[in-house]
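Novice: Got a file for you: final.txt, compact mmCIF, C-alpha atoms.
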# COMPACT_ATOMS: atom_id res chain seq x y z
CA MET T 15 53.61 26.34 -57.19
CA ALA T 16 52.26 27.67 -60.46
CA LYS T 17 48.58 27.27 -61.17
CA MET T 18 47.85 24.09 -63.18
CA THR T 19 45.03 23.38 -65.58
CA LEU T 20 43.01 20.17 -65.28
CA GLU T 21 44.68 18.98 -68.49
CA GLU T 22 48.15 19.48 -66.99
CA LEU T 23 47.02 17.65 -63.86
CA ARG T 24 45.77 14.72 -65.96
CA ASN T 25 49.05 14.54 -67.91
CA LEU T 26 51.14 14.60 -64.72
CA ARG T 27 49.07 11.75 -63.31
CA GLU T 28 49.51 9.71 -66.48
CA ALA T 29 53.28 10.28 -66.41
CA LYS T 30 53.46 9.17 -62.76
CA LYS T 31 51.37 6.07 -63.54
CA LYS T 32 53.79 5.07 -66.29
CA GLU T 33 56.69 5.52 -63.88
CA MET T 34 54.91 3.31 -61.35
CA THR T 35 54.25 0.44 -63.77
CA GLN T 36 57.87 0.51 -64.88
CA ARG T 37 58.96 -0.15 -61.33
CA ASP T 38 58.42 -3.55 -59.67
CA GLY T 39 54.78 -4.57 -59.47
CA ASN T 40 54.33 -4.76 -55.72
CA ASP T 41 50.55 -4.74 -55.35
CA LYS T 42 50.56 -4.92 -51.56
CA SER T 43 49.98 -1.41 -50.35
CA ALA T 44 49.73 0.10 -46.90
CA GLN T 45 46.60 1.94 -45.84
CA ILE T 46 46.35 4.86 -43.45
CA ILE T 47 42.90 5.77 -42.11
CA ILE T 48 42.66 9.11 -40.33
CA GLY T 49 39.82 9.87 -37.90
CA MET T 50 38.37 13.12 -39.23
CA GLY T 51 35.30 13.59 -37.03
CA THR T 52 34.61 16.85 -35.14
CA CYS T 53 36.96 15.59 -32.41
CA GLY T 54 39.72 14.61 -34.85
CA ILE T 55 39.52 17.92 -36.72
CA ALA T 56 39.62 19.86 -33.43
CA ALA T 57 42.66 17.89 -32.24
CA GLY T 58 44.67 18.50 -35.43
CA ALA T 59 43.88 15.55 -37.73
CA LYS T 60 44.50 17.76 -40.77
CA GLU T 61 48.01 18.56 -39.56
CA ALA T 62 48.60 14.79 -39.20
CA PHE T 63 47.18 14.29 -42.72
CA ASP T 64 49.63 16.86 -44.12
CA ALA T 65 52.54 15.30 -42.23
CA PHE T 66 51.74 11.79 -43.56
CA LEU T 67 51.55 13.14 -47.10
CA ASP T 68 54.82 15.02 -46.75
CA GLU T 69 56.80 12.27 -45.00
CA LEU T 70 55.63 9.52 -47.39
CA GLY T 71 56.57 11.80 -50.30
CA ASN T 72 60.00 12.48 -48.77
CA HIS T 73 60.67 8.75 -48.67
CA ASN T 74 59.20 8.10 -52.14
CA ILE T 75 56.64 5.66 -50.79
CA ASN T 76 53.94 5.70 -53.43
CA ASP T 77 52.06 2.46 -52.82
CA THR T 78 50.07 3.83 -49.90
CA ARG T 79 46.46 4.95 -49.66
CA ILE T 80 45.27 7.59 -47.21
CA THR T 81 41.57 7.57 -46.40
CA GLN T 82 39.47 9.23 -43.73
CA THR T 83 36.75 8.14 -41.40
CA GLY T 84 34.51 9.80 -38.81
CA CYS T 85 34.84 9.57 -35.04
CA MET T 86 36.20 6.20 -33.85
CA GLY T 87 34.89 6.80 -30.34
CA LEU T 88 38.33 7.60 -28.95
CA CYS T 89 37.76 11.35 -28.76
CA PHE T 90 40.08 11.63 -25.76
CA SER T 91 43.05 10.45 -27.81
CA GLU T 92 42.48 12.26 -31.08
CA PRO T 93 43.87 12.50 -33.64
CA THR T 94 43.47 8.75 -34.05
CA VAL T 95 44.89 6.91 -37.04
CA GLU T 96 44.51 3.29 -38.12
CA VAL T 97 47.47 1.81 -39.98
CA ASP T 98 47.27 -1.37 -42.02
CA VAL T 99 50.57 -2.61 -43.40
CA PRO T 100 50.55 -6.01 -45.17
CA ASP T 101 51.88 -8.81 -42.93
CA MET T 102 51.61 -6.66 -39.82
CA PRO T 103 48.78 -6.33 -37.25
CA ARG T 104 46.29 -3.52 -37.88
CA VAL T 105 46.97 -0.85 -35.31
CA ILE T 106 45.07 2.20 -34.10
CA TYR T 107 47.36 4.95 -32.92
CA GLY T 108 46.26 7.77 -30.61
CA ASN T 109 47.47 11.35 -30.13
CA VAL T 110 48.94 11.41 -33.61
CA ASP T 111 50.29 14.92 -34.08
CA ALA T 112 52.54 15.80 -37.03
CA GLY T 113 55.64 14.44 -35.27
CA VAL T 114 54.01 11.09 -34.46
CA ALA T 115 52.66 10.85 -38.01
CA ARG T 116 56.22 11.18 -39.33
CA ARG T 117 57.40 8.53 -36.85
CA ILE T 118 54.64 6.14 -38.02
CA VAL T 119 55.89 6.51 -41.60
CA ARG T 120 59.55 5.95 -40.65
CA GLU T 121 59.15 3.31 -37.94
CA HIS T 122 55.95 1.40 -38.86
CA ILE T 123 55.57 1.72 -42.64
CA ILE T 124 59.27 1.71 -43.53
CA GLY T 125 60.85 0.04 -40.47
CA LYS T 126 58.03 -2.52 -39.93
CA ALA T 127 58.09 -1.87 -36.16
CA LEU T 128 55.12 -0.62 -34.12
CA VAL T 129 55.25 2.84 -32.55
CA SER T 130 54.44 1.31 -29.15
CA ASP T 131 53.96 4.49 -27.11
CA HIS T 132 50.99 5.59 -29.22
CA ILE T 133 49.07 2.33 -29.71
CA PHE T 134 45.36 1.80 -29.09
CA ASP T 135 44.34 -1.71 -30.04
CA LYS T 136 40.75 -1.19 -31.17
CA PRO T 137 37.88 1.31 -31.20
CA ALA T 138 35.86 1.83 -27.99
CA ALA T 139 33.35 -0.95 -27.22
CA ASP T 140 30.21 1.16 -27.73
CA ILE T 141 31.31 2.13 -31.23
CA ILE T 142 31.83 -1.42 -32.47
CA LYS T 143 28.61 -2.82 -33.95
CA MET I 4 34.39 26.66 -31.17
CA HIS I 5 36.80 25.24 -33.73
CA ALA I 6 40.34 26.60 -33.82
CA THR I 7 40.09 27.74 -37.44
CA ILE I 8 37.35 28.63 -39.91
CA CYS I 9 38.66 25.87 -42.20
CA ASP I 10 38.13 23.31 -39.42
CA LEU I 11 34.57 24.57 -39.03
CA ILE I 12 33.97 24.34 -42.80
CA THR I 13 35.39 20.78 -42.93
CA ASP I 14 33.08 19.71 -40.12
CA LEU I 15 30.00 21.25 -41.75
CA VAL I 16 30.65 19.76 -45.21
CA GLN I 17 30.96 16.34 -43.57
CA ASN I 18 27.35 16.74 -42.40
CA SER I 19 26.37 16.81 -46.08
CA PHE I 20 28.38 13.61 -46.75
CA GLU I 21 26.53 11.93 -43.91
CA ALA I 22 23.16 13.16 -45.18
CA ASP I 23 23.65 10.96 -48.29
CA ALA I 24 23.92 13.96 -50.59
CA THR I 25 25.02 13.35 -54.18
CA GLU I 26 25.64 17.03 -55.03
CA ILE I 27 27.31 19.39 -52.60
CA THR I 28 28.51 22.92 -53.23
CA LEU I 29 30.89 24.72 -50.89
CA SER I 30 31.28 28.40 -51.68
CA VAL I 31 33.75 30.58 -49.76
CA LYS I 32 33.89 34.27 -50.63
CA GLU I 33 36.37 36.44 -48.79
CA THR I 34 36.62 40.19 -48.93
CA GLU I 35 38.28 42.60 -46.52
CA LYS I 36 34.94 43.28 -44.88
CA ASN I 37 33.16 39.94 -45.01
CA LEU I 38 33.64 36.20 -45.07
CA ASN I 39 30.69 34.48 -46.70
CA VAL I 40 30.38 30.69 -46.67
CA VAL I 41 27.53 28.66 -48.17
CA ILE I 42 27.28 24.86 -48.03
CA ALA I 43 24.36 23.50 -50.04
CA ASP I 44 23.49 19.83 -50.47
CA ASN I 45 20.74 17.68 -51.93
CA GLY I 46 20.85 15.21 -49.03
CA LYS I 47 18.02 13.83 -46.96
CA GLY I 48 17.32 17.10 -45.14
CA MET I 49 15.63 17.56 -41.78
CA SER I 50 12.17 18.33 -40.44
CA ALA I 51 11.68 21.73 -38.76
CA GLU I 52 11.67 19.96 -35.39
CA THR I 53 14.95 18.10 -36.00
CA LEU I 54 16.50 21.28 -37.37
CA GLU I 55 15.81 23.11 -34.11
CA LYS I 56 17.28 20.22 -32.10
CA ALA I 57 20.39 20.09 -34.31
CA LYS I 58 21.41 23.49 -32.94
CA ASP I 59 21.62 21.95 -29.45
CA PRO I 60 25.13 20.56 -28.69
CA PHE I 61 23.58 17.85 -26.52
CA TYR I 62 21.45 16.47 -29.31
CA SER I 63 22.36 13.69 -31.72
CA ASP I 64 19.90 11.56 -33.66
CA GLY I 65 21.75 8.53 -32.30
CA ARG I 66 22.13 6.86 -35.67
CA LYS I 67 25.87 7.31 -35.98
CA HIS I 68 26.88 6.37 -32.43
CA LYS I 69 23.86 5.22 -30.49
CA HIS I 70 25.29 5.80 -27.03
CA ARG I 71 26.73 9.22 -27.70
CA LYS I 72 24.68 12.27 -26.87
CA VAL I 73 26.54 15.15 -28.43
CA GLY I 74 26.58 16.75 -31.86
CA LEU I 75 28.91 19.73 -31.97
CA GLY I 76 29.27 20.71 -35.63
CA LEU I 77 26.33 23.10 -36.03
CA PRO I 78 26.50 24.39 -32.43
CA PHE I 79 30.13 25.37 -33.06
CA LEU I 80 28.96 27.43 -36.05
CA PHE I 81 26.21 29.24 -34.13
CA GLN I 82 28.58 29.83 -31.21
CA THR I 83 31.20 31.34 -33.53
CA ALA I 84 28.65 33.60 -35.23
CA GLU I 85 27.14 34.72 -31.94
CA MET I 86 30.47 35.44 -30.27
CA THR I 87 31.85 37.48 -33.16
CA GLY I 88 28.82 39.48 -34.27
CA GLY I 89 28.28 37.41 -37.40
CA THR I 90 25.21 35.66 -38.73
CA ALA I 91 24.55 32.01 -39.45
CA ALA I 92 21.51 30.31 -40.92
CA ILE I 93 20.41 26.83 -41.81
CA GLU I 94 17.55 25.90 -44.06
CA SER I 95 16.46 22.34 -44.63
CA GLU I 96 13.65 20.38 -46.18
CA GLU I 97 13.17 16.65 -45.80
CA GLY I 98 13.99 14.81 -48.99
CA ILE I 99 15.24 17.98 -50.70
CA GLY I 100 18.44 19.02 -48.93
CA THR I 101 20.07 21.43 -46.56
CA THR I 102 21.79 24.79 -46.96
CA VAL I 103 24.04 26.21 -44.26
CA SER I 104 25.27 29.75 -44.73
CA PHE I 105 27.18 32.22 -42.63
CA ASP I 106 28.71 35.67 -42.80
CA LEU I 107 31.52 36.60 -40.46
CA ASP I 108 33.54 39.76 -39.90
CA PRO I 109 37.23 39.06 -40.68
CA ALA I 110 38.23 42.07 -38.57
CA ASN I 111 36.58 40.82 -35.37
CA VAL I 112 39.32 40.04 -32.84
CA ASP I 113 37.45 37.02 -31.49
CA LEU I 114 37.15 35.35 -34.88
CA PRO I 115 39.32 32.22 -35.17
CA MET I 116 42.09 32.30 -37.79
CA PHE I 117 41.01 31.32 -41.28
CA GLY I 118 43.37 28.31 -41.37
CA ASN I 119 44.74 26.23 -44.19
CA PHE I 120 42.19 26.04 -47.01
CA THR I 121 44.38 23.82 -49.22
CA THR I 122 44.43 20.99 -46.67
CA ALA I 123 40.74 21.44 -45.90
CA ALA I 124 39.90 21.15 -49.62
CA VAL I 125 42.19 18.12 -50.10
CA THR I 126 40.69 16.26 -47.14
CA LEU I 127 37.14 17.07 -48.24
CA MET I 128 37.77 16.02 -51.84
CA THR I 129 39.25 12.69 -50.67
CA TYR I 130 36.77 11.85 -47.91
CA GLY I 131 34.93 8.54 -48.46
CA PHE I 132 32.10 10.06 -50.47
CA ASN I 133 30.91 9.03 -53.91
CA GLY I 134 28.87 12.02 -55.00
CA ASN I 135 30.08 15.29 -56.45
CA LEU I 136 31.52 18.10 -54.37
CA LYS I 137 32.09 21.47 -55.96
CA ILE I 138 34.33 23.97 -54.18
CA GLU I 139 34.39 27.66 -55.09
CA HIS I 140 36.84 29.96 -53.33
CA SER I 141 37.37 33.62 -54.05
CA VAL I 142 39.33 36.44 -52.42
CA ASN I 143 38.28 39.97 -53.31
CA GLY I 144 36.47 38.73 -56.41
CA ARG I 145 39.30 36.62 -57.84
CA GLY I 146 38.52 32.95 -57.51
CA TYR I 147 38.60 29.41 -58.78
CA GLU I 148 36.27 26.44 -58.91
CA ILE I 149 37.04 22.73 -58.67
CA SER I 150 34.79 19.69 -58.72
CA ARG I 151 35.40 16.21 -57.36
CA LYS I 152 33.99 14.71 -60.55
CA GLU I 153 36.58 16.50 -62.72
CA LEU I 154 39.38 15.65 -60.31
CA ARG I 155 38.36 11.97 -60.35
CA GLU I 156 38.45 12.02 -64.14
CA ALA I 157 41.92 13.57 -64.14
CA LEU I 158 43.49 11.62 -61.28
CA GLY I 159 41.59 8.33 -60.91
CA ASP I 160 41.58 6.99 -57.33
CA LEU I 161 41.96 10.14 -55.25
CA ASN I 162 43.14 8.28 -52.15
CA GLU I 163 46.33 6.93 -53.68
CA LEU I 164 49.38 8.83 -52.53
CA GLU I 165 50.37 9.99 -56.04
CA SER I 166 46.89 11.43 -56.59
CA LEU I 167 46.85 13.06 -53.17
CA THR I 168 50.21 14.71 -53.76
CA LEU I 169 49.18 16.03 -57.18
CA LEU I 170 45.79 17.14 -55.87
CA LYS I 171 47.45 19.12 -53.10
CA GLU I 172 49.79 20.80 -55.60
CA PHE I 173 46.83 21.58 -57.86
CA ILE I 174 44.77 23.19 -55.10
CA LYS I 175 47.79 24.99 -53.66
CA GLY I 176 48.49 26.47 -57.10
CA ASN I 177 44.93 27.76 -57.31
CA GLU I 178 45.09 29.15 -53.77
CA GLU I 179 48.36 30.97 -54.41
CA ASP I 180 46.92 32.40 -57.59
CA ILE I 181 44.05 34.10 -55.75
CA LEU I 182 46.07 35.12 -52.69
CA ASP I 183 49.07 36.61 -54.49
CA PHE I 184 46.98 38.77 -56.73
Please go through the file and, once you have read it, give me the structure as structure tokens.
Specialist:
Amino acid sequence: MAKMTLEELRNLREAKKKEMTQRDGNDKSAQIIIGMGTCGIAAGAKEAFDAFLDELGNHNINDTRITQTGCMGLCFSEPTVEVDVPDMPRVIYGNVDAGVARRIVREHIIGKALVSDHIFDKPAADIIK
Amino acid sequence: MHATICDLITDLVQNSFEADATEITLSVKETEKNLNVVIADNGKGMSAETLEKAKDPFYSDGRKHKHRKVGLGLPFLFQTAEMTGGTAAIESEEGIGTTVSFDLDPANVDLPMFGNFTTAAVTLMTYGFNGNLKIEHSVNGRGYEISRKELREALGDLNELESLTLLKEFIKGNEEDILDF
């Protein structure tokens, strides 16, 4: 990858935006929230982050947001990831390594089916206010 | 300790996010003989008493998770420095901000691997934080500088996939430029 200037970065973004608006205007986007606390980082949340980015890119899924949060209180099952796909239940997944992250993209976000063997339903009770 | 220096850096910069800082600077200077990292913020800071306690892994101010009694970020730093013959320091003043700095020996066999700086920088730039974060990274004197404010102006919402992908390419390009030299 050649080094880009900020101006080149801005132009690329504008070009991509134009491409997006020319496609169908589906405003319902999926959201992926990655637990990036000390526990998440130690368990490999950044590898999961990279895998999500790569797998979504491979499947040309652009209408997705990836955000981060701190510890969800499930330190024993890090990396934890919350996935919110329109018209599907919000799910918290545990032990999301790079392989599971790729499965979540293929099975949950594209296939609209839950990745049942990695589900946690909600954050731990003492974390919920 | 953390598995990589980049994990440690990510963890420490997050402390600045949580201290309500509006300006944060992360400076990473690598040479063959030394790894120097400085994280400076203008967040709420700590009293001398709290600062001492923050070095204890079994201390947490209880505001984030009131039933949890651990805080491992800073203790991981001091542990890493102590176990590898490096130095680490933290200075803080209430209402003014906090500066964490450390120098480590890249040749020490016990030092964790440096890790993936591109991903660390992408995750830090796109963490839920509204202030400005400036990242400076140099290897043997050749470096680059990026700021969240400039990236926001160029890319808009940084958490959208298109922005994230371009941001990663942008940072990777800068990283390769200083590493290939």
Novice: Can you write out as a tab-separated table which residues of chain T fall within 7 Å of chain I, alongside each residue's closest atom pair and its distance in Å to one decimal, counting only C-alpha atoms and ordering rows by chain and ascending residue number?
Specialist:
residue	atom	partner	partner_atom	distance
T:Met15	CA	I:Gly176	CA	5.1
T:Ala16	CA	I:Gly176	CA	5.2
T:Lys17	CA	I:Gly176	CA	4.1
T:Met18	CA	I:Phe173	CA	6.0
T:Leu20	CA	I:Ala157	CA	6.8
T:Leu23	CA	I:Ala157	CA	6.5
T:Arg24	CA	I:Ala157	CA	4.4
T:Arg27	CA	I:Leu158	CA	5.9
T:Thr52	CA	I:Asp14	CA	5.9
T:Ile55	CA	I:Asp10	CA	6.2
T:Ala56	CA	I:His5	CA	6.1
T:Lys60	CA	I:Thr122	CA	6.7
T:Leu67	CA	I:Thr168	CA	7.0
T:Asn76	CA	I:Leu164	CA	5.6
T:Asp77	CA	I:Leu164	CA	6.9
T:Thr78	CA	I:Leu164	CA	5.7
T:Arg79	CA	I:Glu163	CA	4.5
T:Ile80	CA	I:Asn162	CA	5.4
T:Thr81	CA	I:Asn162	CA	6.0
T:Gln82	CA	I:Tyr130	CA	5.6
T:Asp140	CA	I:His70	CA	6.8
T:Ile141	CA	I:His68	CA	6.2
Novice: Taking a cut-off of 8 Å and counting all atoms listed in the file, can you build a table that, for each residue of segment 34-90 of chain T near segment 119-130 of chain T, reports the nearest atom pair and how far apart they are in Å (one decimal), sorted by chain then residue number, as a tab-separated table?
Specialist:
residue	atom	partner	partner_atom	distance
T:Ala44	CA	T:Ile123	CA	7.4
T:Phe66	CA	T:Val119	CA	7.0
T:Glu69	CA	T:Val119	CA	6.8
T:Leu70	CA	T:Val119	CA	6.5
Novice: Go through T:Ile46, T:Ile118, T:Ala62, T:Gly54 one by one, measure the shortest atom-to-atom distance of each to Cys89 of chain T using all atoms listed in the file, and give the residue with the smallest value.
Specialist: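 Nearest to Cys89 of chain T: T:Gly54.
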Novice: Listed atoms of segment 26-35 of chain I, axis-aligned box, 8 Å per side: centre and edge lengths to one decimal in Å, as AutoDock Vina command-line options?
Specialist:
--center_x 32.0 --center_y 29.8 --center_z -50.8 --size_x 28.6 --size_y 41.6 --size_z 24.5
Novice: Give the answer as one residue: which of T:Glu28, T:Ala115, T:Cys53, T:Ile47 has the shortest atom-to-atom distance to Asp98 of chain T, using all atoms listed in the file?
Specialist: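 So, comparing all the options, the nearest one is T:Ile47.
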Novice: Separation of atom CA of Gly100 of chain I and atom CA of Val41 of chain I, in Å?
Specialist: 13.3 Å
Novice: With distances taken over all atoms listed in the file, which residue among I:Asp44, I:Leu80, I:Leu182, I:Phe132 lies nearest Thr83 of chain T?
Specialist: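 That would be I:Phe132, the residue with the smallest distance to Thr83 of chain T.
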Novice: Can you work out the spacing between atom CA of Asn37 of chain I and atom CA of Gly58 of chain T in Å, to one decimal?
Specialist: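 Atom CA of Asn37 of chain I sits 26.2 Å away from atom CA of Gly58 of chain T.
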Novice: Show which residues sit within 8 Å of Glu96 of chain I, as a list in words. Count only C-alpha atoms, and ignore same-chain residues fewer than 6 positions away.
Specialist: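 Residues near the query, excluding close chain neighbours: Lys47, Gly48, Met49, Ser50 and Ala51 of chain I.
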Novice: Interatomic distance between atom CA of Val110 of chain T and atom CA of Pro60 of chain I?
Specialist: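 Separating atom CA of Val110 of chain T from atom CA of Pro60 of chain I is a distance of 26.0 Å.
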